[in-house]
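These notes concern the structure reproduced below.
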Amino acid sequence: MLAKRIIPCLDVRDGRVVKGTRFVNLKDAGDPVEMAGFYNREGADELVFLDITASVEGRRAIVEVIRKTAEAVFIPLTVGGGIDSVDFMQELLQCGADKVSLNTAVLKNPELIRSGAERFGSQCIVAAIDACRVELPSPNASQRWEVYSHGGRLATGRDVIEWAAEVEQLGAGEILLTSMDADGTLDGYDNALLAAVADAVRIPVIASGGAGTLEHLYEALTIGKAHAVLAASILHYGTYSIAAIKDYLAAKGLPVRPVIS
Amino acid sequence: MPSLVIVDSGSANLNSIYKALQIVSLQSVISDNPPVIASADAVIFPGVGSFEYAAALLERKGLSEVLLEVIAAGKPFLGICLGMQLLFSSSTESSSLTGNSSGLNVVHGLVKRFPCNLHVPHVGWNQVNLCFDHPLFDGLSDGAYFYFTHSYYAQPDLESHTLALTEYGFPFTSATVVNSLCGVQFHPEKSGPAGLRLLSNFGKIIADL
């Protein structure tokens, strides 16, 4: 059986891991290469590095973080943040990333997904979508979500479900779907959002934003129909170990890769 | 020490394999030079991306011939992901509407796309169930998890060429073996301890020559 994946997310700024709430109030959470090694030993199925550095110098730092991590950690590595060209994708893939996660740049230029997929294969291209609930005009209206760019700062006017279908058409191999409403709250994933996107595409959806309890992870993988869950706060601050998460999910009947294999 | 060459077919993350081999104390050389590959004692043939593009690149770089030579000589050979698929006769992954793309044809069979009722690509950790014992899987439990990411799967004509099966909607061939030739659809270099053990086992196969 294909296992449900548990993916620690390392938000990296200027070479350090940070974690915020609803995309702001960033706190230092550790050294990325050390943390990658730790999560690998703990049984993480994959790692995601999101570079939230704005500066050009910071961009060089993420390249080094990936290079050093890839020398010691033999599980899939995804890197995202500020990737705006096929050349930069190639540099990251060459230094050890297995996938690149594309967000703001492809909202401006969707063809970048196609170019990346044609050059490196769809399995390398993750489309990251930051979604925010749209206030309903009436209580009976069906829920909609809007796509935001620039790390959740700018509303794009695009509908999340339509954009998800479009990135699939363009050649993305996975969707990393973050609920801005839920991010960092520890109140649970936005399962209605997850299920709506999962129903609209035939590529795997990775749930992100809101994990606070083991039950939340289970719900994202069942009610939310996600193939994988991304988590940060509950892991970085030691609330749960990967082993505890996997034991819980396995006891609930979900397929997971055992921590010791 | 026997020489191990990683074939640079122009389409794979070779460094990950190189580093993973280092971790299990296997020195290797990355090369796209036919004489270097021809003189190797063993060969690892990785690949990602499109079958048709990679097959054309093998031809252009003059690599098809030397790979066939190495395989015919019975040297230990490990194809990984697209590197496994390229060992097969042909693939439906083709820009031509009428024909298939041709592979190296050392394993008779066809590479096909997963049906559209499944989520494609098949990405993540899945179980590899052995059809018979093989030194490549020495010390690994039957049903061990490995990391996959692919949209096409290879189907050998002969059942005896399927070394392992993985379930994704139906059981597909996740490892193949023909004499000294092995191929795995998953990525051992991205499969944590299980993957490192498989690479170490390949090293033992080479050392036992």
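Chain labels follow the order of the structure tokens: the first chain is A, the next B, and so on; residue numbering restarts at 1 in every chain, and ligands are counted from 1 in their shown order.
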Per residue of chain B within 7 Å of chain A, record the nearest atom pair and its distance in Å to one decimal, counting only C-alpha atoms, with rows in chain order and ascending residue number, as a tab-separated table.
residue	atom	partner	partner_atom	distance
B:Asn13	CA	A:Gln94	CA	6.3
B:Asn15	CA	A:Gly96	CA	6.8
B:Ser16	CA	A:Gly96	CA	6.4
B:Lys19	CA	A:Glu71	CA	6.0
B:Gly49	CA	A:Gly121	CA	4.6
B:Ser50	CA	A:Gly121	CA	6.8
B:His119	CA	A:Arg202	CA	4.9
B:Val120	CA	A:Ile203	CA	5.7
B:Pro121	CA	A:Gly173	CA	6.4
B:Gly124	CA	A:Leu2	CA	6.7
B:Trp125	CA	A:Ala3	CA	5.5
B:Asn126	CA	A:Leu2	CA	4.5
B:Gln127	CA	A:Met1	CA	6.2
B:Ala144	CA	A:Ser261	CA	6.5
B:Tyr145	CA	A:Arg257	CA	6.3
B:Thr149	CA	A:Gln123	CA	6.2
B:His150	CA	A:Gln123	CA	6.8
B:Glu167	CA	A:Met1	CA	6.0
B:Tyr168	CA	A:Met1	CA	6.9
B:Glu189	CA	A:Phe74	CA	6.0
B:Lys190	CA	A:Ile75	CA	4.2
B:Ser191	CA	A:Ile75	CA	5.6
B:Gly192	CA	A:Phe74	CA	5.2
B:Pro193	CA	A:Ser261	CA	6.8
B:Ala194	CA	A:Ser261	CA	6.2
Within 12 Å of range 197-203 of chain B: each range 122-159 of chain B residue with its shortest pair, only C-alpha atoms, as CSV:
residue,atom,partner,partner_atom,distance
B:His134,CA,B:Asn201,CA,9.9
B:Pro135,CA,B:Asn201,CA,6.6
B:Leu136,CA,B:Asn201,CA,5.2
B:Phe137,CA,B:Leu198,CA,6.0
B:Asp138,CA,B:Asn201,CA,6.6
B:Gly139,CA,B:Arg197,CA,7.9
B:Leu140,CA,B:Arg197,CA,7.5
B:Ser141,CA,B:Arg197,CA,11.1
B:Ala144,CA,B:Leu198,CA,11.0
B:Tyr145,CA,B:Leu198,CA,11.8
B:Phe146,CA,B:Leu198,CA,10.2
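Counting only C-alpha atoms and comparing A:Met89, A:Asp130, A:Val167, A:Lys68, the residue that lies closest to Val106 in chain A is A:Val167.
For range 194-198 of chain A, the set of protein, DNA and RNA residues having any atom at most 7 Å away, when counting only C-alpha atoms and skipping those fewer than 4 positions along the same chain, is A:Ile161, A:Ala164, A:Asp190, A:Val205, A:Ala207, A:Ile223, A:Gly224, A:Lys225, A:Ala226.
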Practice prompt. Write out as a PyMOL selection string which residues come within 6 Å of range 80-91 of chain B when counting only C-alpha atoms, dropping same-chain ones fewer than 5 positions away.
Written response: chain B and resi 45-48+100-111+154+183-186
Could you dump the residues just selected with N, CA and C atoms as a short mmCIF file (atom, residue, chain, number, x, y, z; two decimals), in the first residue's frame?
data_model
loop_
_atom_site.label_atom_id
_atom_site.label_comp_id
_atom_site.auth_asym_id
_atom_site.auth_seq_id
_atom_site.Cartn_x
_atom_site.Cartn_y
_atom_site.Cartn_z
N PHE B 45 22.84 2.65 -13.58
CA PHE B 45 22.26 3.41 -14.69
C PHE B 45 20.99 4.11 -14.20
N PRO B 46 21.14 5.35 -13.70
CA PRO B 46 19.98 6.08 -13.18
C PRO B 46 19.30 6.89 -14.29
N GLY B 47 18.14 7.40 -14.01
CA GLY B 47 17.48 8.27 -14.98
C GLY B 47 16.17 8.78 -14.43
N VAL B 48 15.84 10.02 -14.76
CA VAL B 48 14.51 10.55 -14.49
C VAL B 48 14.06 11.32 -15.73
N ASN B 100 5.57 3.53 -30.57
CA ASN B 100 6.17 3.61 -29.25
C ASN B 100 7.62 4.06 -29.38
N SER B 101 8.22 4.47 -28.23
CA SER B 101 9.64 4.78 -28.21
C SER B 101 10.40 3.49 -27.92
N SER B 102 11.54 3.30 -28.59
CA SER B 102 12.31 2.08 -28.39
C SER B 102 13.30 2.21 -27.25
N GLY B 103 13.42 1.13 -26.47
CA GLY B 103 14.41 1.08 -25.41
C GLY B 103 15.55 0.16 -25.79
N LEU B 104 16.35 -0.26 -24.79
CA LEU B 104 17.53 -1.09 -25.07
C LEU B 104 17.15 -2.54 -25.35
N ASN B 105 15.94 -2.94 -24.99
CA ASN B 105 15.40 -4.27 -25.33
C ASN B 105 16.19 -5.42 -24.71
N VAL B 106 16.81 -5.18 -23.54
CA VAL B 106 17.48 -6.30 -22.86
C VAL B 106 16.52 -7.00 -21.90
N VAL B 107 15.42 -6.34 -21.56
CA VAL B 107 14.32 -7.03 -20.88
C VAL B 107 13.13 -6.90 -21.83
N HIS B 108 12.61 -8.03 -22.28
CA HIS B 108 11.49 -7.96 -23.22
C HIS B 108 10.23 -7.56 -22.48
N GLY B 109 9.61 -6.50 -23.00
CA GLY B 109 8.39 -6.03 -22.35
C GLY B 109 8.13 -4.58 -22.69
N LEU B 110 7.03 -4.08 -22.15
CA LEU B 110 6.53 -2.76 -22.52
C LEU B 110 6.42 -1.86 -21.28
N VAL B 111 6.73 -0.57 -21.48
CA VAL B 111 6.55 0.43 -20.42
C VAL B 111 5.29 1.20 -20.74
N ALA B 154 6.90 -0.60 -15.90
CA ALA B 154 7.41 -1.56 -16.88
C ALA B 154 6.78 -2.92 -16.65
N GLY B 183 16.98 -4.14 -12.26
CA GLY B 183 16.41 -2.82 -12.40
C GLY B 183 15.41 -2.59 -11.28
N VAL B 184 15.38 -1.39 -10.73
CA VAL B 184 14.40 -1.06 -9.70
C VAL B 184 13.67 0.22 -10.10
N GLN B 185 12.35 0.21 -9.92
CA GLN B 185 11.55 1.37 -10.30
C GLN B 185 11.65 2.48 -9.25
N PHE B 186 11.92 2.10 -8.00
CA PHE B 186 12.01 3.08 -6.92
C PHE B 186 13.41 3.70 -6.88
#
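Picture a line from CA of Asp32 in chain B to CA of Ala20 in chain B; it runs 19.6 Å.
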Worksheet item: Looking only at the backbone, which of the residues in range 8-196 of chain B does DSSP tag as alpha helix (DSSP H), as a VMD selection string?
Response: chain B and resid 14 to 23 34 to 38 51 to 60 63 to 72 82 to 85 192 to 196
Could the residues of range 13-119 of chain A that have an atom at most 9 Å from range 233-246 of chain A be listed as a Markdown table, each with its closest atom pair and the distance in Å to one decimal, counting only C-alpha atoms and ordered by chain and ascending residue number?
| residue | atom | partner | partner_atom | distance |
| --- | --- | --- | --- | --- |
| A:Lys19 | CA | A:Ser233 | CA | 7.0 |
| A:Gly20 | CA | A:Ser233 | CA | 8.6 |
| A:Ala29 | CA | A:His236 | CA | 6.7 |
| A:Gly30 | CA | A:His236 | CA | 8.4 |
| A:Met35 | CA | A:His236 | CA | 8.6 |
| A:Tyr39 | CA | A:Ile242 | CA | 7.8 |
| A:Glu42 | CA | A:Ile242 | CA | 6.0 |
| A:Gly43 | CA | A:Ile242 | CA | 6.3 |
| A:Ala44 | CA | A:Ile242 | CA | 6.4 |
Generate a file of the selected residues that holds C-alpha atoms, formatted as a PDB file, in the first residue's frame.
ATOM      1  CA  LYS A  19       8.252  29.422  12.536  1.00  0.00           C
ATOM      2  CA  GLY A  20       5.455  31.964  12.676  1.00  0.00           C
ATOM      3  CA  ALA A  29      13.553  27.161  15.619  1.00  0.00           C
ATOM      4  CA  GLY A  30      17.030  25.803  14.758  1.00  0.00           C
ATOM      5  CA  MET A  35      17.083  19.513  11.949  1.00  0.00           C
ATOM      6  CA  TYR A  39      13.904  14.296  11.248  1.00  0.00           C
ATOM      7  CA  GLU A  42      13.130  10.029  13.393  1.00  0.00           C
ATOM      8  CA  GLY A  43      11.527   8.556  10.276  1.00  0.00           C
ATOM      9  CA  ALA A  44      10.264  11.570   8.322  1.00  0.00           C
TER      10      ALA A  44
END
